[in-house]
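Input: a single structure, listed below in structure tokens.
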Amino acid sequence: MRYNPPQMVQPVVVPRAQHPISRKDIDPDALKVLYRLHQHNFAAYLVGGSVRDLLLGRRPKDFDIGTDAHPYQVKRLFRNCWIIGRRFRLAHVRFGTKNVEVATFRRLVPADEAPPEIEPVREGVEPGDEERDRLIHRDNTFGTPEEDAFRRDFTVNALFYDISTFSIIDYVGGLQDIRAGVIRSIGNPRVRFQEDPVRMLRAVAMASQIIPDDSSAKA
């Protein structure tokens, strides 16, 4: 079954005065990464479950970052950065024993359009500029923030916190679902659960956190 990308949508943007997320609740090292990306004119968003948890008044386990910077552009900004992953390159910015994960915005592609696997970069050897660009473009399918939101599993995990404006950006209705206590799959639930059956377990775990006792989960 092919994936039909959604039509362009106008996101809901919630300004700082209308949401509870404060920078004092964000990990200071994650803030350092967000600020430096923004200072170098890259988009810098707190993404995924951390935004959901902060809205619910919980301390996130991880503070992941989404950006339009490519992995090796991130590496050039941070001396304490390592590139990991084979098919999808991720940047890990290390602060002691802690990693702040930085991922380039990606889009969901059909299996028959997925880029071919390539041999991993030899450990300790950084590719040259020409090879680096080839690796990045073959090994990642980059996208826009909107496309990145629609590739995620559930609406409540597809919210962005923009460090440039301190606003929350919602392309998929995640804010409304948090308020309503709804766990909603992005796209066809049957297809999404077949892609990754573990999503069903994540849905149950999230339901226990955000859904009132007298509510039922929807997917």
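We label chains A, B, ... in the order they appear in the structure tokens, count residues from 1 in each chain, and number ligands from 1 in the order shown.
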**OP:** Name the residues in contact with range 87-93 of chain A at a cut-off of 6 Å, using only C-alpha atoms, excluding same-chain residues fewer than 6 positions from it; report them as a ChimeraX atom specification.
**Re:** /A:71,80-81,99-103,139-140
Original post:
Gln209 in chain A: which residues within 12 Å, counting only C-alpha atoms, same-chain residues fewer than 6 positions away excluded, as a PyMOL selection string?
Top reply: chain A and resi 49+52-53+55-58+156+178+181-183+202-203+215+217
If you take only C-alpha atoms and a cut-off of 9 Å, which residues of range 46-67 of chain A touch range 17-41 of chain A, and what are their nearest atom pairs and distances in Å to one decimal, in chain and number order, as JSON lines?
{"residue": "A:Leu46", "atom": "CA", "partner": "A:Leu34", "partner_atom": "CA", "distance": 7.8}
{"residue": "A:Ser50", "atom": "CA", "partner": "A:Ile26", "partner_atom": "CA", "distance": 8.9}
{"residue": "A:Val51", "atom": "CA", "partner": "A:Ile21", "partner_atom": "CA", "distance": 8.2}
{"residue": "A:Leu54", "atom": "CA", "partner": "A:Ile21", "partner_atom": "CA", "distance": 6.1}
{"residue": "A:Leu55", "atom": "CA", "partner": "A:Ile21", "partner_atom": "CA", "distance": 6.4}
{"residue": "A:Gly57", "atom": "CA", "partner": "A:Pro20", "partner_atom": "CA", "distance": 8.4}
{"residue": "A:Arg59", "atom": "CA", "partner": "A:Asp25", "partner_atom": "CA", "distance": 7.8}
{"residue": "A:Pro60", "atom": "CA", "partner": "A:Ile26", "partner_atom": "CA", "distance": 8.7}
{"residue": "A:Asp62", "atom": "CA", "partner": "A:Asp27", "partner_atom": "CA", "distance": 8.7}
{"residue": "A:Phe63", "atom": "CA", "partner": "A:Ala30", "partner_atom": "CA", "distance": 6.4}
{"residue": "A:Asp64", "atom": "CA", "partner": "A:Ala30", "partner_atom": "CA", "distance": 7.8}
{"residue": "A:Ile65", "atom": "CA", "partner": "A:Leu34", "partner_atom": "CA", "distance": 7.4}
{"residue": "A:Thr67", "atom": "CA", "partner": "A:Leu37", "partner_atom": "CA", "distance": 7.9}
**OP:** Quote the spacing between CA of Val204 in chain A and CA of Phe154 in chain A in Å to one decimal place.
**Re:**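 Computing it gives 11.8 Å between the two atoms.
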Original post:
Using only C-alpha atoms, which of the listed residues (A:Leu201, A:Val13, A:Val47, A:Met206) sits closest to Ala149 in chain A?
Top reply: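 Answer, going by the shortest atom-to-atom distance: A:Val47.
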Subject >> alpha helix (DSSP H) positions in range 15-56 of chain A, given as a list in words >> reply: Pro28, Asp29, Ala30, Leu31, Lys32, Val33, Leu34, Tyr35, Arg36, Leu37, His38, Gln39, Gly49, Ser50, Val51, Arg52, Asp53, Leu54 and Leu55 of chain A
Original post:
By how many Å are CA of Trp82 in chain A and CA of Thr104 in chain A apart?
Top reply: 14.2 Å
Subject >> Spatial neighbours of Ser185 in chain A, 8 Å, only C-alpha atoms, chain gap at least 6 places, as a ChimeraX atom specification >> reply: /A:153-155,192,219
Selection above as a file: C-alpha atoms, as a PDB file, in the first residue's frame:
ATOM      1  CA  ASP A 153       3.032   7.758  14.969  1.00  0.00           C
ATOM      2  CA  PHE A 154       0.418   9.629  17.032  1.00  0.00           C
ATOM      3  CA  THR A 155      -0.890  13.174  16.991  1.00  0.00           C
ATOM      4  CA  ARG A 192       0.639   2.232  10.773  1.00  0.00           C
ATOM      5  CA  ALA A 219      -6.729   5.290  17.424  1.00  0.00           C
TER       6      ALA A 219
END
Original post:
Skipping near chain neighbours, those fewer than 3 positions away, what residues fall within 8 Å of Ile169 in chain A using only C-alpha atoms, listed as a ChimeraX atom specification?
Top reply: /A:11-14,159-162
**OP:** Find the distance between CA of Gln10 in chain A and CA of Asp170 in chain A and write it in Å to one decimal.
**Re:**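 These two atoms are separated by 9.0 Å.
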**OP:** Go through A:Asp68, A:Ala205, A:Tyr171, A:Asn188 one by one, measure the shortest atom-to-atom distance of each to Thr141 in chain A using only C-alpha atoms, and give the residue with the smallest value.
**Re:** A:Asp68
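The closest residue to Arg151 in chain A, picked from A:Gly96, A:Pro15, A:Gly187, A:Gly66 and counting only C-alpha atoms, is A:Gly187.
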**OP:** Taking the chain letters and numbering used in this document, name the residues of range 18-76 of chain A that DSSP puts in strand (DSSP E or B), as an NGL selection string.
**Re:** :A and (44-47 or 65-67)
Atoms kept (all heavy atoms) for selection, written as a short mmCIF file (atom, residue, chain, number, x, y, z; two decimals), in the first residue's frame:
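What ended up in part-v9.cif:
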data_model
loop_
_atom_site.label_atom_id
_atom_site.label_comp_id
_atom_site.auth_asym_id
_atom_site.auth_seq_id
_atom_site.Cartn_x
_atom_site.Cartn_y
_atom_site.Cartn_z
N ALA A 44 14.95 25.25 14.78
CA ALA A 44 15.33 24.48 15.96
C ALA A 44 14.08 24.25 16.80
O ALA A 44 13.59 25.18 17.45
CB ALA A 44 16.40 25.21 16.76
N TYR A 45 13.58 23.02 16.77
CA TYR A 45 12.35 22.68 17.46
C TYR A 45 12.60 21.59 18.50
O TYR A 45 13.33 20.63 18.22
CB TYR A 45 11.29 22.14 16.49
CG TYR A 45 10.77 23.11 15.46
CD1 TYR A 45 9.98 22.64 14.41
CD2 TYR A 45 11.04 24.47 15.51
CE1 TYR A 45 9.47 23.50 13.45
CE2 TYR A 45 10.55 25.34 14.55
CZ TYR A 45 9.77 24.85 13.52
OH TYR A 45 9.28 25.70 12.57
N LEU A 46 12.01 21.73 19.65
CA LEU A 46 11.84 20.60 20.55
C LEU A 46 10.71 19.77 19.97
O LEU A 46 9.67 20.32 19.57
CB LEU A 46 11.51 21.08 21.95
CG LEU A 46 11.73 20.15 23.13
CD1 LEU A 46 13.21 19.82 23.27
CD2 LEU A 46 11.20 20.78 24.40
N VAL A 47 10.88 18.44 19.90
CA VAL A 47 9.92 17.63 19.17
C VAL A 47 9.48 16.41 19.98
O VAL A 47 10.11 16.02 20.96
CB VAL A 47 10.51 17.14 17.81
CG1 VAL A 47 10.93 18.32 16.93
CG2 VAL A 47 11.70 16.22 18.05
N ILE A 65 15.48 16.97 19.45
CA ILE A 65 15.44 18.21 18.68
C ILE A 65 15.29 17.89 17.19
O ILE A 65 15.92 16.98 16.68
CB ILE A 65 16.70 19.05 18.94
CG1 ILE A 65 16.70 19.54 20.40
CG2 ILE A 65 16.82 20.22 17.97
CD1 ILE A 65 17.99 20.17 20.85
N GLY A 66 14.43 18.66 16.53
CA GLY A 66 14.29 18.58 15.07
C GLY A 66 14.79 19.86 14.44
O GLY A 66 14.63 20.95 15.01
N THR A 67 15.38 19.74 13.27
CA THR A 67 15.97 20.90 12.61
C THR A 67 15.99 20.69 11.10
O THR A 67 15.88 19.56 10.61
CB THR A 67 17.40 21.14 13.13
OG1 THR A 67 17.96 22.30 12.49
CG2 THR A 67 18.30 19.94 12.82
#
**OP:** Between A:Gly174, A:Arg106, A:Arg179, A:Asp196, single out the one closest to Asp148 in chain A, counting only C-alpha atoms.
**Re:**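 Between A:Gly174, A:Arg106, A:Arg179, A:Asp196, the residue approaching Asp148 in chain A most closely is A:Arg106.
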